[in-house]
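Visitor: Dropping in upload39.txt, with compact mmCIF, C-alpha atoms.
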```
# COMPACT_ATOMS: atom_id res chain seq x y z
CA MET A 224 0.00 0.00 0.00
CA THR A 225 1.40 3.37 -0.96
CA LYS A 226 1.19 6.44 1.20
CA THR A 227 0.75 9.88 -0.26
CA LEU A 228 3.20 12.20 1.40
CA SER A 229 2.00 15.50 2.69
CA THR A 230 3.53 18.72 1.46
CA GLU A 231 5.23 19.15 4.83
CA GLU A 232 6.76 15.68 4.61
CA ILE A 233 8.07 16.31 1.12
CA GLU A 234 9.48 19.68 2.12
CA GLN A 235 11.19 18.09 5.12
CA ARG A 236 12.76 15.41 2.93
CA VAL A 237 13.88 17.95 0.38
CA ARG A 238 15.47 20.19 3.00
CA HIS A 239 17.21 17.26 4.66
CA THR A 240 18.43 15.87 1.36
CA LEU A 241 19.78 19.16 0.08
CA SER A 242 21.58 20.00 3.30
CA THR A 243 23.05 16.50 3.58
CA VAL A 244 24.26 16.45 0.00
CA ALA A 245 25.68 19.96 0.32
CA ALA A 246 27.55 18.95 3.46
CA THR A 247 29.50 16.36 1.48
CA LEU A 248 31.39 19.25 -0.08
CA THR A 249 33.77 20.16 2.68
CA GLU A 250 36.85 22.33 2.74
CA ASP A 251 38.97 19.19 2.61
CA ALA A 252 37.00 17.74 -0.25
CA VAL A 253 37.16 20.80 -2.47
CA GLY A 254 40.82 21.65 -1.96
CA SER A 255 42.64 24.93 -1.71
CA SER A 256 40.95 27.88 -0.08
CA THR A 257 43.52 30.31 -1.42
CA TRP A 258 42.52 32.41 -4.35
CA SER A 259 44.36 31.78 -7.56
CA ARG A 260 43.14 33.12 -10.84
CA GLY A 261 44.46 30.00 -12.52
CA PRO A 262 44.03 29.35 -16.18
CA ARG A 263 40.80 30.46 -17.70
CA ARG A 264 38.87 27.74 -19.37
CA SER A 265 40.58 26.78 -22.53
CA LYS A 266 38.55 27.73 -25.53
CA ARG A 267 38.80 24.15 -26.64
CA ARG A 268 36.50 23.03 -23.88
CA TRP A 269 33.76 25.23 -25.14
CA ARG A 270 34.10 24.39 -28.75
CA ILE A 271 31.97 21.93 -30.54
CA GLY A 272 33.52 19.73 -33.16
CA LEU A 273 33.38 21.03 -36.65
CA GLY A 274 32.21 19.41 -39.80
CA ILE A 275 29.68 16.99 -38.38
CA GLY A 276 27.07 18.55 -40.58
CA VAL A 277 28.76 17.36 -43.74
CA VAL A 278 26.45 14.36 -43.95
CA ALA A 279 23.03 13.66 -42.58
CA VAL A 280 23.49 13.01 -38.88
CA PRO A 281 20.30 12.06 -37.10
CA LEU A 282 20.22 12.95 -33.40
CA VAL A 283 23.15 15.30 -33.77
CA LEU A 284 22.27 18.95 -33.68
CA ALA A 285 25.18 21.12 -32.78
CA ALA A 286 27.49 20.60 -35.67
CA SER A 287 29.44 23.77 -35.39
CA VAL A 288 29.08 26.30 -32.71
CA PHE A 289 31.24 27.55 -29.95
CA VAL A 290 30.55 29.82 -27.13
CA GLN A 291 32.18 33.20 -27.22
CA ARG A 292 32.76 34.64 -23.81
CA GLY A 293 34.60 37.72 -22.57
CA PRO A 294 37.03 39.05 -21.84
CA GLU A 295 35.23 42.08 -23.19
CA TYR A 296 31.97 43.03 -21.60
CA VAL A 297 28.67 43.54 -23.30
CA ASP A 298 28.18 46.99 -24.64
CA THR A 299 25.89 48.41 -27.24
CA ILE A 300 25.63 46.67 -30.58
CA PRO A 301 25.87 49.04 -33.54
CA PRO A 302 22.77 48.73 -35.76
CA GLN A 303 24.91 47.99 -38.79
CA ASP A 304 26.20 44.85 -37.06
CA VAL A 305 22.74 43.36 -36.67
CA ILE A 306 21.84 40.77 -39.32
CA VAL A 307 18.63 39.35 -37.90
CA THR A 308 16.52 40.05 -34.86
CA GLY A 309 13.76 37.93 -33.41
CA SER A 310 12.07 36.77 -30.26
CA VAL A 311 11.11 33.37 -28.88
CA ASP A 312 8.73 33.14 -25.96
CA GLY A 313 9.33 36.81 -25.28
CA SER A 314 13.09 36.33 -25.21
CA PRO A 315 14.77 38.53 -27.82
CA TYR A 316 17.77 37.37 -29.80
CA LEU A 317 19.98 38.84 -32.49
CA LEU A 318 22.33 37.48 -35.10
CA ILE A 319 25.19 39.92 -35.33
CA THR A 320 28.61 40.38 -36.81
CA LYS A 321 31.32 40.97 -34.28
CA ALA A 322 34.96 41.95 -34.55
CA ARG A 323 37.13 39.35 -32.88
CA THR A 324 40.77 38.35 -32.91
CA ASP A 325 41.70 34.88 -34.13
CA ASN A 326 44.15 32.56 -32.43
CA CYS A 327 47.03 34.09 -34.38
CA GLY A 328 46.14 37.61 -33.36
CA GLN A 329 44.59 38.63 -36.63
CA PRO A 330 41.32 40.57 -36.71
CA VAL A 331 38.35 38.56 -37.94
CA THR A 332 34.65 39.18 -38.23
CA THR A 333 32.46 36.46 -36.76
CA VAL A 334 28.72 35.88 -36.95
CA GLU A 335 27.22 35.29 -33.53
CA LEU A 336 23.87 34.50 -32.02
CA VAL A 337 23.14 36.75 -29.08
CA GLU A 338 20.34 35.99 -26.65
CA ARG A 339 19.63 39.28 -24.98
CA SER A 340 18.91 37.83 -21.55
CA GLU A 341 22.32 36.12 -21.61
CA ASN A 342 24.14 39.29 -22.63
CA LEU A 343 23.02 42.04 -20.34
CA LEU A 344 24.88 45.28 -20.44
CA GLY A 345 28.09 45.03 -18.44
CA ALA A 346 28.15 41.23 -18.28
CA GLU A 347 30.65 39.14 -20.18
CA TRP A 348 29.63 38.33 -23.71
CA ASN A 349 28.05 34.90 -23.95
CA THR A 350 27.22 34.24 -27.56
CA ILE A 351 27.19 31.39 -30.01
CA ALA A 352 29.46 31.79 -33.01
CA SER A 353 28.33 30.36 -36.31
CA GLU A 354 31.33 29.31 -38.35
CA TYR A 355 31.82 28.54 -42.02
CA GLY A 356 34.83 26.36 -42.81
CA ASP A 357 37.27 24.03 -41.14
CA ARG A 358 39.06 25.20 -38.05
CA ASP A 359 42.79 25.50 -38.32
CA GLU A 360 45.43 26.80 -35.95
CA CYS A 361 44.53 30.42 -36.51
CA GLY A 362 40.83 30.34 -37.20
CA LEU A 363 38.72 29.10 -40.06
CA ASP A 364 39.71 27.76 -43.45
CA PRO A 365 36.67 27.88 -45.78
CA SER A 366 38.39 26.40 -48.86
CA ARG A 367 36.94 22.89 -48.55
CA TYR A 368 33.49 24.28 -47.93
CA LEU A 369 33.68 26.70 -50.83
CA ALA A 370 34.49 23.76 -53.12
CA ASP A 371 31.35 21.86 -52.10
CA ARG A 372 28.04 23.69 -51.82
CA SER A 373 26.48 20.86 -49.81
CA LEU A 374 28.77 21.53 -46.86
CA SER A 375 27.43 23.59 -44.02
CA ASN A 376 27.70 23.96 -40.29
CA ASP A 377 24.80 24.36 -37.94
CA GLY A 378 24.33 24.94 -34.27
CA GLY A 379 22.33 26.96 -31.87
CA SER A 380 21.07 27.65 -28.46
CA GLU A 381 18.08 27.57 -26.22
CA VAL A 382 16.22 30.84 -26.45
CA GLY A 383 13.18 31.33 -24.29
CA ASP A 384 11.33 28.04 -24.14
CA SER A 385 12.62 26.74 -27.45
CA PHE A 386 15.73 26.83 -29.60
CA VAL A 387 17.19 29.09 -32.24
CA TRP A 388 19.33 27.30 -34.79
CA THR A 389 21.71 28.83 -37.28
CA TRP A 390 23.29 27.56 -40.46
CA ALA A 391 26.50 28.73 -42.05
CA VAL A 392 26.33 27.83 -45.72
CA HIS A 393 28.01 28.32 -49.08
CA PRO A 394 27.57 31.86 -50.44
CA ASP A 395 25.65 30.49 -53.44
CA VAL A 396 22.97 29.01 -51.22
CA THR A 397 19.87 31.17 -51.25
CA THR A 398 17.53 29.20 -48.99
CA VAL A 399 17.62 26.68 -46.17
CA ARG A 400 14.44 24.59 -46.37
CA ILE A 401 13.07 23.14 -43.15
CA THR A 402 10.63 20.26 -43.41
CA ALA A 403 8.76 18.51 -40.60
CA SER A 404 5.79 16.17 -40.82
CA ASP A 405 3.26 18.91 -41.44
CA TYR A 406 5.51 21.91 -41.62
CA THR A 407 7.71 23.52 -44.24
CA LYS A 408 9.62 26.74 -43.94
CA ASP A 409 12.12 28.36 -46.26
CA LEU A 410 14.74 30.32 -44.37
CA LYS A 411 16.27 33.38 -45.90
CA VAL A 412 20.04 33.27 -46.24
CA HIS A 413 21.99 36.41 -45.36
CA GLU A 414 25.39 36.79 -46.96
CA VAL A 415 28.13 38.00 -44.65
CA ASN A 416 31.80 38.08 -45.60
CA GLY A 417 31.64 35.34 -48.20
CA ALA A 418 29.29 32.92 -46.47
CA GLY A 419 25.54 32.64 -45.95
CA TYR A 420 23.77 32.51 -42.63
CA ALA A 421 20.21 31.43 -41.87
CA VAL A 422 18.26 31.40 -38.64
CA PHE A 423 15.48 29.03 -37.60
CA GLU A 424 13.25 29.53 -34.57
CA ILE A 425 12.30 25.94 -33.85
CA PRO A 426 8.60 25.75 -33.00
CA LYS A 427 7.91 24.05 -29.70
CA ASP A 428 5.70 21.43 -31.32
CA VAL A 429 8.32 20.31 -33.86
CA PRO A 430 10.35 17.44 -32.39
CA ARG A 431 12.13 16.44 -35.59
CA TYR A 432 12.84 18.06 -38.90
CA THR A 433 15.11 17.95 -41.91
CA SER A 434 17.06 20.73 -43.54
CA GLU A 435 18.14 21.08 -47.15
CA LEU A 436 20.14 23.75 -48.91
CA LEU A 437 18.75 25.35 -52.05
CA VAL A 438 20.38 27.44 -54.75
CA ASP A 439 17.80 29.45 -56.66
CA GLY A 440 15.08 26.94 -55.81
CA GLU A 441 17.11 23.83 -56.62
CA VAL A 442 18.09 21.47 -53.83
CA VAL A 443 21.83 21.03 -53.46
CA PRO A 444 22.49 17.26 -53.70
CA GLY A 445 23.89 15.81 -50.50
CA SER A 446 22.74 18.68 -48.32
CA LEU A 447 19.90 16.86 -46.55
CA GLN A 448 20.32 16.67 -42.79
CA SER A 449 18.04 15.18 -40.15
CA HIS A 450 17.63 16.92 -36.82
CA THR A 451 16.03 15.89 -33.57
CA VAL A 452 15.16 18.64 -31.15
CA PRO A 453 16.40 17.64 -27.70
CA ASP A 454 14.24 17.81 -24.63
CA GLU A 455 14.96 20.87 -22.60
CA MET X 58 46.08 49.49 -15.83
CA THR X 59 49.08 47.24 -15.83
CA ASN X 60 48.81 43.51 -15.83
CA THR X 61 50.38 43.29 -12.39
CA GLU X 62 47.80 45.60 -10.93
CA LYS X 63 44.99 43.70 -12.54
CA THR X 64 46.00 40.34 -11.10
CA SER X 65 46.54 41.60 -7.54
CA PRO X 66 43.51 40.73 -5.43
CA SER X 67 41.61 43.70 -4.10
CA PRO X 68 41.13 44.10 -0.35
CA GLY X 69 38.38 41.81 0.86
CA PHE X 70 38.43 39.61 -2.16
CA GLU X 71 40.59 36.87 -0.70
CA ASP X 72 38.61 36.87 2.54
CA THR X 73 35.38 36.49 0.62
CA TYR X 74 36.89 33.74 -1.45
CA ARG X 75 38.12 31.89 1.62
CA ASP X 76 34.90 32.35 3.59
CA HIS X 77 32.33 31.65 0.91
CA ARG X 78 33.90 29.47 -1.75
CA VAL X 79 32.69 26.22 -0.23
CA ALA X 80 29.17 27.55 0.23
CA LEU X 81 29.09 28.67 -3.37
CA LEU X 82 30.42 25.30 -4.51
CA ARG X 83 27.63 23.61 -2.58
CA LEU X 84 25.03 25.85 -4.18
CA ALA X 85 26.48 25.23 -7.63
CA TYR X 86 26.61 21.51 -7.01
CA LEU X 87 23.01 21.32 -5.85
CA LEU X 88 21.95 23.27 -8.93
CA SER X 89 24.07 21.39 -11.42
CA GLY X 90 24.58 17.96 -9.86
CA SER X 91 28.10 18.05 -11.20
CA HIS X 92 31.35 18.63 -9.36
CA HIS X 93 32.97 19.52 -12.63
CA VAL X 94 30.42 22.19 -13.42
CA SER X 95 30.34 23.56 -9.90
CA GLU X 96 34.12 23.93 -9.69
CA ASP X 97 34.17 25.54 -13.08
CA VAL X 98 31.30 27.88 -12.29
CA VAL X 99 32.64 29.10 -8.96
CA GLN X 100 36.11 29.68 -10.36
CA SER X 101 34.74 31.66 -13.27
CA VAL X 102 32.42 33.65 -11.00
CA PHE X 103 35.29 34.67 -8.75
CA THR X 104 37.48 35.40 -11.75
CA ALA X 105 34.87 37.70 -13.24
CA ALA X 106 34.16 39.31 -9.87
CA HIS X 107 37.86 39.86 -9.22
CA ASP X 108 38.17 42.19 -12.17
CA ARG X 109 35.37 44.42 -10.92
CA TRP X 110 35.59 43.81 -7.19
CA ASP X 111 35.73 47.46 -6.30
CA ARG X 112 32.40 48.01 -8.01
CA ILE X 113 30.51 45.23 -6.21
CA ASP X 114 28.69 46.64 -3.20
CA ASP X 115 27.31 43.49 -1.65
CA PRO X 116 29.49 40.58 -2.73
CA LEU X 117 27.70 37.52 -1.41
CA PRO X 118 24.28 38.07 -3.05
CA TYR X 119 26.10 39.10 -6.20
CA LEU X 120 28.20 35.95 -6.17
CA LYS X 121 25.22 33.70 -5.47
CA ARG X 122 23.24 35.19 -8.29
CA ALA X 123 26.24 34.88 -10.56
CA VAL X 124 26.57 31.21 -9.61
CA VAL X 125 22.92 30.57 -10.43
CA ASN X 126 23.29 32.27 -13.79
CA ARG X 127 26.54 30.56 -14.62
CA VAL X 128 25.14 27.15 -13.76
CA LYS X 129 22.37 27.91 -16.19
CA ASP X 130 24.96 28.90 -18.77
CA GLY X 131 26.96 25.80 -17.96
CA GLN X 132 23.94 23.61 -18.48
CA ARG X 133 23.32 25.26 -21.80
CA ARG X 134 26.89 24.63 -22.82
CA HIS X 135 26.82 21.15 -21.38
CA PHE X 136 23.70 20.45 -23.39
CA ARG X 137 25.56 21.39 -26.55
CA ARG X 138 28.77 19.74 -25.49
CA ALA X 139 27.11 16.51 -24.47
CA ARG X 140 26.69 15.45 -28.03
CA THR X 141 30.40 15.48 -28.67
CA ASP X 142 31.81 14.56 -25.28
CA ALA X 143 29.54 12.40 -23.22
CA THR X 144 32.28 11.54 -20.74
CA LEU X 145 33.21 15.04 -19.70
CA ASP X 146 31.47 15.01 -16.35
CA LEU X 147 33.05 13.46 -13.31
CA PRO X 148 31.49 10.45 -11.58
CA LEU X 149 28.93 11.11 -8.92
CA PRO X 150 30.35 11.43 -5.41
CA VAL X 151 29.76 8.88 -2.71
CA LEU X 152 26.87 10.16 -0.64
CA PRO X 153 26.02 9.42 2.99
CA PRO X 154 23.65 6.49 3.54
CA ASP X 155 20.86 8.74 4.73
CA VAL X 156 20.60 10.36 1.31
CA ASP X 157 17.76 8.43 -0.24
CA GLU X 158 16.13 8.53 -3.64
CA THR X 159 14.96 12.07 -2.99
CA TRP X 160 18.28 13.45 -4.21
CA GLU X 161 18.08 11.54 -7.44
CA LEU X 162 14.54 12.80 -7.94
CA ILE X 163 15.65 16.38 -7.30
CA ARG X 164 18.49 15.89 -9.78
CA ARG X 165 15.98 14.79 -12.38
CA LEU X 166 13.72 17.79 -12.01
CA PRO X 167 13.65 20.14 -14.99
CA ARG X 168 16.40 22.62 -14.39
CA THR X 169 14.19 25.59 -13.56
CA GLN X 170 12.12 23.59 -11.08
CA ARG X 171 15.31 22.31 -9.58
CA ALA X 172 16.70 25.81 -9.23
CA VAL X 173 13.50 26.90 -7.51
CA VAL X 174 13.68 23.96 -5.11
CA VAL X 175 17.34 24.55 -4.27
CA LEU X 176 16.98 28.29 -3.79
CA HIS X 177 13.80 27.94 -1.74
CA TYR X 178 14.68 24.96 0.44
CA TYR X 179 18.45 25.16 0.64
CA GLU X 180 19.08 28.88 0.41
CA ASP X 181 15.84 29.61 2.28
CA LEU X 182 14.80 32.29 -0.16
CA ALA X 183 11.15 33.25 -0.35
CA LEU X 184 9.58 32.42 -3.69
CA THR X 185 9.46 36.10 -4.55
CA GLU X 186 13.21 36.29 -3.93
CA VAL X 187 13.71 33.16 -6.03
CA ALA X 188 11.78 34.86 -8.80
CA ALA X 189 14.11 37.83 -8.63
CA VAL X 190 17.21 35.64 -8.74
CA LEU X 191 15.92 33.59 -11.66
CA ASP X 192 14.49 36.62 -13.42
CA ARG X 193 11.11 34.94 -13.79
CA PRO X 194 7.68 36.25 -12.87
CA PRO X 195 6.71 35.33 -9.29
CA SER X 196 3.57 33.59 -10.51
CA THR X 197 5.66 31.42 -12.81
CA VAL X 198 8.02 30.54 -9.99
CA ARG X 199 5.08 29.61 -7.78
CA SER X 200 3.92 27.34 -10.57
CA ASP X 201 7.42 25.86 -10.94
CA HIS X 202 7.48 25.23 -7.21
CA ARG X 203 4.07 23.58 -7.20
CA ARG X 204 4.96 21.37 -10.14
CA ALA X 205 8.24 20.35 -8.58
CA LEU X 206 6.55 19.31 -5.35
CA GLU X 207 3.87 17.43 -7.24
CA ARG X 208 6.49 15.61 -9.24
CA LEU X 209 8.36 14.68 -6.09
CA ARG X 210 5.16 13.67 -4.30
CA LYS X 211 4.18 11.40 -7.16
CA ALA X 212 7.59 9.76 -7.28
CA LEU X 213 7.99 9.37 -3.54
CA SER X 214 4.50 8.16 -2.69
```
Could you write out this structure as structure tokens?

Guide:
Amino acid sequence: MTKTLSTEEIEQRVRHTLSTVAATLTEDAVGSSTWSRGPRRSKRRWRIGLGIGVVAVPLVLAASVFVQRGPEYVDTIPPQDVIVTGSVDGSPYLLITKARTDNCGQPVTTVELVERSENLLGAEWNTIASEYGDRDECGLDPSRYLADRSLSNDGGSEVGDSFVWTWAVHPDVTTVRITASDYTKDLKVHEVNGAGYAVFEIPKDVPRYTSELLVDGEVVPGSLQSHTVPDE
Amino acid sequence: MTNTEKTSPSPGFEDTYRDHRVALLRLAYLLSGSHHVSEDVVQSVFTAAHDRWDRIDDPLPYLKRAVVNRVKDGQRRHFRRARTDATLDLPLPVLPPDVDETWELIRRLPRTQRAVVVLHYYEDLALTEVAAVLDRPPSTVRSDHRRALERLRKALS
């Protein structure tokens, strides 16, 4: 026979559990109590592998994104840097161009997804870069991608109660077509610095979809990808 | 500002670090369920705070809120990262015998409900204060709280 716990009993168990678990983290267990700046996270840890989106990869969504964080702090975004704006569940986002420095110290312009609530004025930048090409020691090498219009990278982020996904595609690509069971949407491609970028606000009721790249209405062979939207 | 000046801790910073680091690690761990994430979050919170320490009026609430936000960020990154590195997280710690299935059920709560539960029952924040920390409407947080308790009640009964 099962017993339905009262709210007070559940609250008591929750309090006890949380305090007991927290107490397992002691000074001895967590190590040094002396401040040391230590190495910042290596960028590598925050990067997602590149090039997964070359072929159809069911269940794999984030083919090419990495999180851009500080050290600069969020300031105003010049209007000319804004490519796309939108809002999901009342949470605004922007796709912007941003001046960065590559690993070899050279200035580069990146395309980044900015969720406004994650990038409040004065905080560290926390954006998702959309990249076109293969990563090399310095930054990105687009040559292989430019030779094959079916190659693209995609990735994205939770925004509001859903996800915003971006594609970085060949500059000839004019449309990214999204198809779900009873849903089709053609995404506009925005050309920035020799590559195209498209943004998809994934509807909450779409658990799976495919994407294809189109050039002037014609599907690029080999560009079909399957996507499964993860549970939050 | 020279590099040397920038890396010298400001007065009060080291004391705060020494006095509150473990508490912040506990909070981060309860929110994330991951030692790896909690260590990472607390280090990055202190690192960010260090650079603007003189401008932070009330450090502990600031640091706690930063931990909550960074855990959320960390979960977002972990979500993305998980597809390429499923083994990144450390194994779960050995817990005392009196920790029953309740902890596992709390760990499985949707992250917002879990944050509400941790902030309300561990940090003893009123739900209106939880709403402020999580930047969610109070009515939504009350709903999160109710749903979390219902989920736990169903699983524990």

Visitor: What are the residues of chain X that have an atom within 6 Å of an atom of chain A, counting only C-alpha atoms, as a PyMOL selection string?

Guide: chain X and resi 75+83+156+178+214

Visitor: Would you mind listing what lies within 7 Å of segment 443-447 of chain A as a ChimeraX atom specification, with all atoms listed in the file counted and same-chain residues fewer than 5 positions away left out?

Guide: /A:279,372-374,433-438

Visitor: Report, in Å to a single decimal, how far apart atom CA of Phe70 of chain X and atom CA of Tyr179 of chain X are.

Guide: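 Value for the atom CA of Tyr179 of chain X-atom CA of Phe70 of chain X distance: 24.8 Å.
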
Visitor: So that I can check the surroundings of Ile425 of chain A, please list as a ChimeraX atom specification every protein, DNA and RNA residue that reaches within 7 Å of it, counting all atoms listed in the file and ignoring chain neighbours fewer than 5 positions away.

Guide: /A:385-387

Visitor: Determine, counting only C-alpha atoms, which protein, DNA and RNA residues have an atom within 10 Å of an atom of Gln170 of chain X; residues of the same chain fewer than 5 positions away are not included. Present the result as a compact mmCIF listing (two decimals) with C-alpha atoms, in the frame of the given file.

Guide:
```txt
# COMPACT_ATOMS: atom_id res chain seq x y z
CA ILE X 163 15.65 16.38 -7.30
CA ARG X 165 15.98 14.79 -12.38
CA VAL X 175 17.34 24.55 -4.27
CA LEU X 176 16.98 28.29 -3.79
CA VAL X 198 8.02 30.54 -9.99
CA ARG X 199 5.08 29.61 -7.78
CA SER X 200 3.92 27.34 -10.57
CA ASP X 201 7.42 25.86 -10.94
CA HIS X 202 7.48 25.23 -7.21
CA ARG X 203 4.07 23.58 -7.20
CA ARG X 204 4.96 21.37 -10.14
CA ALA X 205 8.24 20.35 -8.58
CA LEU X 206 6.55 19.31 -5.35
CA ARG X 208 6.49 15.61 -9.24
```

Visitor: Got a sec: who's within 12 Å of Pro302 of chain A, counting only C-alpha atoms, leaving out chain neighbours fewer than 5 positions off, as an MDAnalysis selection string?

Guide: chainID A and resid 307:308 317:321

Visitor: What is the distance between atom CA of Ala322 of chain A and atom CA of Arg112 of chain X, in Å to one decimal?

Guide: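 Atom CA of Arg112 of chain X lies at a distance of 27.3 Å from atom CA of Ala322 of chain A.
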
Visitor: Between atom CA of Thr333 of chain A and atom CA of Asp395 of chain A, what is the distance in Å, rounded to a tenth?

Guide: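 Atom-to-atom, atom CA of Thr333 of chain A to atom CA of Asp395 of chain A, that is 19.0 Å.
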
Visitor: So, counting all atoms listed in the file, which residue among X:Ala172, X:Tyr119, X:Leu82, X:Arg109 is closest to Arg193 of chain X?

Guide: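 Of all the options, X:Ala172 lies closest to Arg193 of chain X.
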
Visitor: Residues within 9 Å of (13.3, 32.4, -30.1), file coordinates, counting only C-alpha atoms: what are they? Give the list as a PyMOL selection string.

Guide: chain A and resi 309-316+338+381-387+423-426

Visitor: Could you tell me which of X:Glu161, X:Asp76, X:Glu96, X:Asp108 comes closest to Arg127 of chain X if we count all atoms listed in the file?

Guide: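 Looking only at the distances to Arg127 of chain X, the closest residue turns out to be X:Glu96.
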
Visitor: Which neighbours of Ser95 of chain X fall inside 9 Å, counting all atoms listed in the file, when residues of the same chain fewer than 3 positions from it are skipped, and could you give them as an MDAnalysis selection string?

Guide: chainID X and resid 81:92 98:100 124 128

Visitor: Just need segment 440-453 of chain A in a file, please: N, CA, C and O atoms, as a CSV table (one decimal), in the first residue's frame.

Guide:
```
chain,number,residue,atom,x,y,z
A,440,GLY,N,16.2,27.9,-55.8
A,440,GLY,CA,15.1,26.9,-55.8
A,440,GLY,C,15.5,25.5,-56.1
A,440,GLY,O,14.6,24.6,-56.0
A,441,GLU,N,16.7,25.2,-56.4
A,441,GLU,CA,17.1,23.8,-56.6
A,441,GLU,C,17.8,23.3,-55.4
A,441,GLU,O,18.8,23.9,-54.9
A,442,VAL,N,17.4,22.1,-55.0
A,442,VAL,CA,18.1,21.5,-53.8
A,442,VAL,C,19.5,21.1,-54.2
A,442,VAL,O,19.8,20.5,-55.2
A,443,VAL,N,20.4,21.4,-53.3
A,443,VAL,CA,21.8,21.0,-53.5
A,443,VAL,C,22.0,19.6,-53.1
A,443,VAL,O,21.7,19.2,-51.9
A,444,PRO,N,22.4,18.7,-54.0
A,444,PRO,CA,22.5,17.3,-53.7
A,444,PRO,C,23.4,17.0,-52.5
A,444,PRO,O,24.5,17.7,-52.4
A,445,GLY,N,23.0,16.1,-51.6
A,445,GLY,CA,23.9,15.8,-50.5
A,445,GLY,C,23.8,16.7,-49.3
A,445,GLY,O,24.5,16.6,-48.3
A,446,SER,N,22.8,17.7,-49.4
A,446,SER,CA,22.7,18.7,-48.3
A,446,SER,C,21.7,18.3,-47.3
A,446,SER,O,21.5,19.0,-46.3
A,447,LEU,N,21.0,17.2,-47.5
A,447,LEU,CA,19.9,16.9,-46.5
A,447,LEU,C,20.5,16.5,-45.2
A,447,LEU,O,21.4,15.7,-45.1
A,448,GLN,N,19.9,17.0,-44.2
A,448,GLN,CA,20.3,16.7,-42.8
A,448,GLN,C,19.1,16.4,-42.0
A,448,GLN,O,18.1,17.1,-42.2
A,449,SER,N,19.2,15.5,-41.1
A,449,SER,CA,18.0,15.2,-40.2
A,449,SER,C,18.4,15.7,-38.8
A,449,SER,O,19.5,15.7,-38.4
A,450,HIS,N,17.4,16.3,-38.1
A,450,HIS,CA,17.6,16.9,-36.8
A,450,HIS,C,16.6,16.4,-35.8
A,450,HIS,O,15.4,16.3,-36.2
A,451,THR,N,17.0,16.2,-34.6
A,451,THR,CA,16.0,15.9,-33.6
A,451,THR,C,16.2,17.0,-32.5
A,451,THR,O,17.3,17.2,-32.0
A,452,VAL,N,15.1,17.6,-32.2
A,452,VAL,CA,15.2,18.6,-31.1
A,452,VAL,C,15.2,18.0,-29.8
A,452,VAL,O,14.4,17.1,-29.4
A,453,PRO,N,16.3,18.3,-29.0
A,453,PRO,CA,16.4,17.6,-27.7
A,453,PRO,C,15.4,18.2,-26.7
A,453,PRO,O,14.8,19.2,-26.9
```
